[in-house]
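This report refers to the structure that appears directly beneath it.
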Protein chains: 2
Amino acid sequence: MELSERRKRILRAVVEEYIESAEPVGSKTVLSRAGLTCSSATIRNELVALDKEGYLEQPHTSAGRIPTAKGYRLYVNELMRERELTESETDKITKKLSGHAAGHDRLMADVGKMATELTSYPALTISAAAPATLKRVDLIYIDSNSFIIVLLLTGDTVKNKLVHLPFSFTENTLRRLSAVFNASFVGLPEDRITSDLITSAERAVGDTVGLTSVVAGFVIETLMTSRGSGANVSGEANLLKLPEFQDPDKAHKLINYLSDSQNISALTGTPDFGDVKVLIGPENAALELRDSSVVLASYDAGDGMRGLIGVVGPTRMDYSAVAAKLSFIAGGLSKLLGGGKAPPAGFGKLMIKGGDNDV
Amino acid sequence: MELSERRKRILRAVVEEYIESAEPVGSKTVLSRAGLTCSSATIRNELVALDKEGYLEQPHTSAGRIPTAKGYRLYVNELMRERELTESETDKITKKLSGHAAGHDRLMADVGKMATELTSYPALTISAAAPATLKRVDLIYIDSNSFIIVLLLTGDTVKNKLVHLPFSFTENTLRRLSAVFNASFVGLPEDRITSDLITSAERAVGDTVGLTSVVAGFVIETLMTSRGSGANVSGEANLLKLPEFQDPDKAHKLINYLSDSQNISALTGTPDFGDVKVLIGPENAALELRDSSVVLASYDAGDGMRGLIGVVGPTRMDYSAVAAKLSFIAGGLSKLLGGGKAPPAGFGKLMIKGGDNDV
DNA sequence: CGTTAGCACTCAGGAAACGGGAGTGCTAAA
DNA sequence: TTTAGCACTCCCGTTTCCTGAGTGCTAACG
């Protein structure tokens with residue numbers, strides 16, 4: 001059933017007050033905060049109703065009310081007012097994003113740190129990586145014992161490796177080798193690169209020393225590792241300042257959970273609220289997150305891929321501020337990575353796409 | 001003045017007991033632990049003496065003794081017995097190191113995690129990077145708007161970048177361009193690459209669209225970022241399990257300090273004890289580390305460069321076990337990275353040196 | 001002189017007792 | 001339906017008390 005207007009205002013007042021104070025809020029406080037023209041007794045009656053409906057709860061009799069997950073959910077879905085970012089905040093974000101020249105991993109780490117700074121909660125980033133295939137192979141001859149393998153993958157990622165070998169070869173061999181790779185390895189998913197294929201390539205080149213398998217090994221390894229999505233967490237320590245994490249054990253469990261990137265990657269899901277998804281307390285799949293909330297914003301990482309940036313905090317979180325900030329950051333990232341259609345101001349006139357070559 | 005044999009045994013007993021229990025140790029406990037044939041009263045007298053000399057202190061009258069930094073120092077320098085690693089420990093380490101094929105950053109992150117697991121303390125790694133210069137430039141023509149820059153740096157590091165440009169060029173131009181770079185940019189430190197130099201290179205190539213400055217920009221950026229040493233921290237959450245970090249504020253300060261890689265890089269110093277350096281409490285330069293100890297082991301990162309791996313923990317730390325473990329890890333890393341003179345068993349017969357190209 | 005038994009003293013830290021105060025739910029009147 | 005009034009609940013910070021581990025000192029002993 002739909003809540004009355006007054007109850008909504010009361011619920012909002014409770015949620016927002018609790019977000020600020022972290023303490024159960026009583027009828028008088030609600031009264032002054034919601035700006036209603038009634039008495040605290042009336043509020044009390046309404047609070048009882050909201051309690052019964054499951055939006056609020058009492059830590060104990062004769063304490064104020066705190067929102068339940070259901071209460072937060074209603075707040076996030078209907079009651080929350082959109083927050084505008086201040087100019088200094090937007091400035092900070094655009095500056096950080098536009099000024100960035102280093103590699104993808106570094107960029108995401110920096111963006112995560114920025115999100116932590118802006119929200120004061122631990123931030124996480126997840127960079128989705130679609131299974132890549134080879135687009136092109138180049139072998140650069142250095143000397144008779146060394147060469148560089150340069151792989152261009154789908155998604156315009158470039159990977160390289162310098163190889164020293166205990167036997168010598170000629171520049172010409174390398175040229176033939178790369179020709180064979182470009183002819184028969186390009187476009188194959190990693191599991192289609194069989195040892196048969198490698199052997200036949202070896203024969204085609206006339207390679208008797210194993211050069212082919214060195215290159216093939218690197219190709220396979222690269223394709224395998226590029227498939228895994230990169231996760232990144234920063235600012236875990238901020239949890240310790242929050243009253244809900246004064247218990248070191250609680251804090252330890254969550255921080256520990258966050259520090260395993262496996263767990264972070266598992267957070268992937270489709271954002272629902274505009275571009276922002278809010279997971280409140282028990283809505284989280286992971287047990288370790290059941291007392292916390294996660295806010296995730298997705299961004300366009302180019303080539304039809306999506307990445308996520310989010311923060312983790314107590315259920316008592318300033319959802320509207322956090323959502324606004326993450327959404328703005330995600331927007332900036334989309335512009336930066338998503339094909340570069342509309343680079344943020346100051347990004348420069350050249351369309352330079354670094355990929356995640358990790359320079 | 002030199003301590004008597006008995007006092008040394010007592011000091012050792014106190015330190016080791018305190019390391020295990022984290023509680024002030026009394027005369028009776030010392031007696032049973034040190035295996036001395038005297039009474040607790042005698043121990044008490046000795047304790048008073050050790051107290052006066054500054055090796056021990058009392059948290060309050062009528063409590064047992066805990067070691068001071070001076071006490072720990074003596075223990076580390078003279079009293080500590082070398083710890084042998086169990087076979088399963090050495091196995092674990094060698095396996096981790098030898099099985100590793102991914103890039104340098106990833107390797108160090110994994111090694112850090114392993115150190116955390118083995119010691120249960122937060123671990124850090126610092127990869128020193130000597131100021132690099134260019135050894136060679138290759139430009140790979142992809143299509144008339146795109147090419148890959150491949151830079152080979154001193155230290156056999158390879159960096160790359162895929163560039164898309166809004167104007168077209170020919171393969172021939174790229175060839176001339178790389179020739180010019182190889183002729184006049186190789187061997188220069190980053191600050192000697194002036195705009196004059198770039199302009200004259202531009203003229204030599206006959207480049208009117210700015211190709212040269214794109215490449216030069218990447219060269220400069222690469223040289224600059226490769227100079228910064230990479231630091232990495234893992235397992236911070238482990239601090240929260242320790243009795244000395246039950247105060248969330250204390251834990252927060254330290255974890256926060258650790259999460260800034262600037263601070264970590266600042267730890268660099270020359271190991272003194274074998275290959276292992278121990279910094280006890282106030283011996284640390286940083287205020288935030290004054291209540292903690294840091295154990296660092298250095299490893300040979302190849303090309304005469306050194307890296308560090310270490311852990312941070314309470315002054316009450318099992319120094320001998322930690323030192324032994326770190327030392328062994330560092331040894332393995334040295335073999336792995338240090339020119340590959342003696343690769344650990346199972347590393348394979350090929351001398352493949354990935355450098356830190358971050359594949 | 002070093003060692004030891006005995007003893008009074010100290011003090012941290014947990015348990016129990018206490019009191020204030022914020023906030024409730026209920027009742028009865030407007 | 002709202003409101004004033006009021007008794008009641010229960011958290012939490014404070015105080016008090018007590019126990020026990022461990023000390024330092026003294027005096028006797030070999």
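Each chain in the structure tokens gets a letter, A, B and so on, in the order shown; residues start at 1 in every chain, and ligands are counted from 1 in the order they appear.
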task: Could you tell me, as a VMD selection string, which residues of segment 225-311 of chain B DSSP assigns to helix (DSSP H, G or I) when given the backbone?
output: chain B and resid 225 to 227 236 to 241 243 to 245 248 to 258 261 to 265 281 to 283 287 to 289
Closest pair table for chain D residues within 10 Å of chain B, only C-alpha atoms (C1' of nucleotides), as CSV:
```
residue,atom,partner,partner_atom,distance
D:DA21,C1',B:Ala63,CA,7.6
D:DG22,C1',B:Ser62,CA,5.0
D:DT23,C1',B:Ser62,CA,4.4
D:DG24,C1',B:Arg44,CA,8.8
```
Set the distance at 10 Å and use only C-alpha atoms (C1' of nucleotides): which residues neighbour segment 191-200 of chain A once local chain neighbours fewer than 5 positions away are removed? I'd like the list as an mmCIF file with N, CA and C atoms, in the first residue's frame.
```cif
data_model
loop_
_atom_site.group_PDB
_atom_site.id
_atom_site.type_symbol
_atom_site.label_atom_id
_atom_site.label_comp_id
_atom_site.auth_asym_id
_atom_site.auth_seq_id
_atom_site.Cartn_x
_atom_site.Cartn_y
_atom_site.Cartn_z
ATOM 1 N N VAL A 180 53.499 -15.929 -40.642
ATOM 2 C CA VAL A 180 52.697 -17.123 -40.362
ATOM 3 C C VAL A 180 51.667 -16.846 -39.274
ATOM 4 N N PHE A 181 52.118 -16.168 -38.230
ATOM 5 C CA PHE A 181 51.178 -15.855 -37.146
ATOM 6 C C PHE A 181 50.038 -14.978 -37.640
ATOM 7 N N SER A 184 47.679 -17.215 -39.655
ATOM 8 C CA SER A 184 46.872 -18.310 -39.126
ATOM 9 C C SER A 184 46.464 -18.186 -37.663
ATOM 10 N N PHE A 185 46.903 -17.182 -36.948
ATOM 11 C CA PHE A 185 46.511 -17.066 -35.539
ATOM 12 C C PHE A 185 45.525 -15.940 -35.288
ATOM 13 N N VAL A 205 57.322 -22.410 -40.959
ATOM 14 C CA VAL A 205 58.451 -21.477 -40.854
ATOM 15 C C VAL A 205 59.779 -22.205 -41.024
ATOM 16 N N GLY A 206 59.749 -23.491 -40.762
ATOM 17 C CA GLY A 206 60.998 -24.231 -40.762
ATOM 18 C C GLY A 206 61.778 -23.983 -39.487
ATOM 19 N N ASP A 207 61.036 -23.810 -38.425
ATOM 20 C CA ASP A 207 61.650 -23.494 -37.133
ATOM 21 C C ASP A 207 61.982 -24.785 -36.397
ATOM 22 N N GLY A 210 62.326 -23.830 -31.696
ATOM 23 C CA GLY A 210 61.258 -23.538 -30.740
ATOM 24 C C GLY A 210 60.852 -22.078 -30.657
ATOM 25 N N THR A 212 58.798 -20.584 -32.524
ATOM 26 C CA THR A 212 57.351 -20.502 -32.704
ATOM 27 C C THR A 212 56.602 -20.692 -31.397
ATOM 28 N N SER A 213 57.061 -21.672 -30.615
ATOM 29 C CA SER A 213 56.319 -21.943 -29.384
ATOM 30 C C SER A 213 56.525 -20.848 -28.360
ATOM 31 N N VAL A 215 56.659 -17.630 -29.087
ATOM 32 C CA VAL A 215 55.682 -16.608 -29.466
ATOM 33 C C VAL A 215 54.267 -17.095 -29.173
ATOM 34 N N ALA A 216 53.988 -18.330 -29.549
ATOM 35 C CA ALA A 216 52.651 -18.870 -29.323
ATOM 36 C C ALA A 216 52.321 -18.876 -27.834
ATOM 37 N N GLY A 217 53.315 -19.218 -27.027
ATOM 38 C CA GLY A 217 53.102 -19.222 -25.576
ATOM 39 C C GLY A 217 52.707 -17.853 -25.080
ATOM 40 N N VAL A 219 51.319 -15.503 -26.806
ATOM 41 C CA VAL A 219 49.980 -15.192 -27.327
ATOM 42 C C VAL A 219 48.916 -15.810 -26.424
ATOM 43 N N ILE A 220 49.083 -17.064 -26.121
ATOM 44 C CA ILE A 220 48.094 -17.750 -25.295
ATOM 45 C C ILE A 220 47.982 -17.104 -23.919
ATOM 46 N N LEU A 223 46.207 -13.765 -24.159
ATOM 47 C CA LEU A 223 44.766 -13.897 -24.352
ATOM 48 C C LEU A 223 44.092 -14.358 -23.064
ATOM 49 N N MET A 224 44.764 -15.233 -22.358
ATOM 50 C CA MET A 224 44.162 -15.724 -21.119
ATOM 51 C C MET A 224 44.066 -14.630 -20.075
#
```
Considering only C-alpha atoms (C1' of nucleotides), tabulate each residue of chain B that lies at most 8 Å from chain C along with its nearest interatomic pair and the corresponding distance in Å to one decimal; arrange the rows by chain and ascending residue number and present them as JSON lines.
```
{"residue": "B:Cys38", "atom": "CA", "partner": "C:DT3", "partner_atom": "C1'", "distance": 8.0}
{"residue": "B:Ser39", "atom": "CA", "partner": "C:DT4", "partner_atom": "C1'", "distance": 6.8}
{"residue": "B:Ala41", "atom": "CA", "partner": "C:DT4", "partner_atom": "C1'", "distance": 6.8}
{"residue": "B:Thr42", "atom": "CA", "partner": "C:DT3", "partner_atom": "C1'", "distance": 6.6}
{"residue": "B:His60", "atom": "CA", "partner": "C:DC11", "partner_atom": "C1'", "distance": 7.6}
{"residue": "B:Thr61", "atom": "CA", "partner": "C:DT10", "partner_atom": "C1'", "distance": 6.5}
{"residue": "B:Ser62", "atom": "CA", "partner": "C:DT10", "partner_atom": "C1'", "distance": 5.9}
```
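The environment of Ser127 of chain A within 7 Å, counting only C-alpha atoms (C1' of nucleotides) and disregarding residues fewer than 3 places along the same chain, consists of Ser229, Gly230, Ala231, Gly307 and Leu308 of chain A.
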task: Please report, as number ranges by chain, each residue of segment 58-208 of chain A to which DSSP assigns strand (DSSP E or B) when run on this structure's backbone.
output: A: 65-67, 123-127, 134-143, 146-153, 158-164
Output of the above residues as a compact mmCIF listing (two decimals), in the first residue's frame, restricted to N, CA and C atoms:
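To be explicit, this is the file written out as selection.txt:
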```
# COMPACT_ATOMS: atom_id res chain seq x y z
N ARG A 65 14.05 5.71 16.28
CA ARG A 65 13.93 4.77 15.17
C ARG A 65 15.13 4.86 14.24
N ILE A 66 15.45 3.74 13.63
CA ILE A 66 16.41 3.74 12.53
C ILE A 66 15.76 3.05 11.34
N PRO A 67 16.17 3.43 10.14
CA PRO A 67 15.56 2.85 8.95
C PRO A 67 15.94 1.38 8.79
N ALA A 123 36.40 2.84 -2.31
CA ALA A 123 35.90 2.83 -3.68
C ALA A 123 36.44 1.61 -4.41
N LEU A 124 35.68 1.17 -5.39
CA LEU A 124 36.15 0.04 -6.19
C LEU A 124 35.91 0.33 -7.66
N THR A 125 36.75 -0.24 -8.47
CA THR A 125 36.54 -0.15 -9.91
C THR A 125 36.66 -1.56 -10.48
N ILE A 126 35.85 -1.80 -11.46
CA ILE A 126 35.92 -3.07 -12.17
C ILE A 126 35.99 -2.77 -13.66
N SER A 127 37.05 -3.20 -14.29
CA SER A 127 37.15 -2.98 -15.72
C SER A 127 36.84 -4.28 -16.42
N LEU A 134 43.48 -12.05 -31.24
CA LEU A 134 44.63 -11.40 -31.84
C LEU A 134 44.22 -10.65 -33.10
N LYS A 135 44.73 -9.43 -33.26
CA LYS A 135 44.48 -8.72 -34.50
C LYS A 135 45.74 -8.68 -35.37
N ARG A 136 46.87 -8.76 -34.71
CA ARG A 136 48.10 -8.56 -35.45
C ARG A 136 49.30 -8.89 -34.59
N VAL A 137 50.32 -9.44 -35.19
CA VAL A 137 51.55 -9.76 -34.47
C VAL A 137 52.72 -9.08 -35.17
N ASP A 138 53.59 -8.43 -34.40
CA ASP A 138 54.84 -7.94 -34.96
C ASP A 138 55.99 -8.44 -34.11
N LEU A 139 57.05 -8.81 -34.77
CA LEU A 139 58.24 -9.26 -34.06
C LEU A 139 59.37 -8.31 -34.43
N ILE A 140 59.90 -7.66 -33.43
CA ILE A 140 60.95 -6.68 -33.68
C ILE A 140 62.31 -7.30 -33.36
N TYR A 141 63.14 -7.34 -34.37
CA TYR A 141 64.47 -7.94 -34.20
C TYR A 141 65.39 -6.97 -33.48
N ILE A 142 65.96 -7.42 -32.39
CA ILE A 142 66.88 -6.57 -31.63
C ILE A 142 68.31 -6.96 -31.93
N ASP A 143 68.66 -8.19 -31.60
CA ASP A 143 69.94 -8.74 -32.02
C ASP A 143 69.74 -10.24 -32.24
N SER A 146 67.77 -11.73 -29.37
CA SER A 146 66.66 -11.05 -28.69
C SER A 146 65.68 -10.46 -29.69
N PHE A 147 64.44 -10.47 -29.32
CA PHE A 147 63.44 -9.77 -30.11
C PHE A 147 62.26 -9.37 -29.22
N ILE A 148 61.46 -8.47 -29.72
CA ILE A 148 60.28 -8.04 -28.98
C ILE A 148 59.05 -8.56 -29.70
N ILE A 149 58.15 -9.14 -28.92
CA ILE A 149 56.87 -9.54 -29.47
C ILE A 149 55.88 -8.41 -29.20
N VAL A 150 55.20 -7.96 -30.22
CA VAL A 150 54.18 -6.95 -30.03
C VAL A 150 52.86 -7.50 -30.54
N LEU A 151 51.88 -7.60 -29.64
CA LEU A 151 50.58 -8.13 -30.03
C LEU A 151 49.55 -7.02 -30.02
N LEU A 152 48.81 -6.91 -31.10
CA LEU A 152 47.67 -6.01 -31.11
C LEU A 152 46.42 -6.86 -30.97
N LEU A 153 45.62 -6.57 -29.92
CA LEU A 153 44.43 -7.37 -29.66
C LEU A 153 43.17 -6.61 -30.06
N VAL A 158 47.40 -3.23 -26.72
CA VAL A 158 48.70 -3.67 -27.22
C VAL A 158 49.47 -4.30 -26.06
N LYS A 159 50.03 -5.46 -26.30
CA LYS A 159 50.85 -6.10 -25.28
C LYS A 159 52.22 -6.40 -25.88
N ASN A 160 53.22 -6.43 -25.04
CA ASN A 160 54.55 -6.71 -25.59
C ASN A 160 55.37 -7.53 -24.62
N LYS A 161 56.41 -8.09 -25.15
CA LYS A 161 57.34 -8.83 -24.31
C LYS A 161 58.69 -8.89 -24.98
N LEU A 162 59.71 -8.65 -24.19
CA LEU A 162 61.07 -8.78 -24.70
C LEU A 162 61.56 -10.19 -24.39
N VAL A 163 62.09 -10.84 -25.41
CA VAL A 163 62.54 -12.22 -25.23
C VAL A 163 64.03 -12.34 -25.55
N HIS A 164 64.75 -12.90 -24.59
CA HIS A 164 66.15 -13.27 -24.84
C HIS A 164 66.20 -14.78 -24.99
```
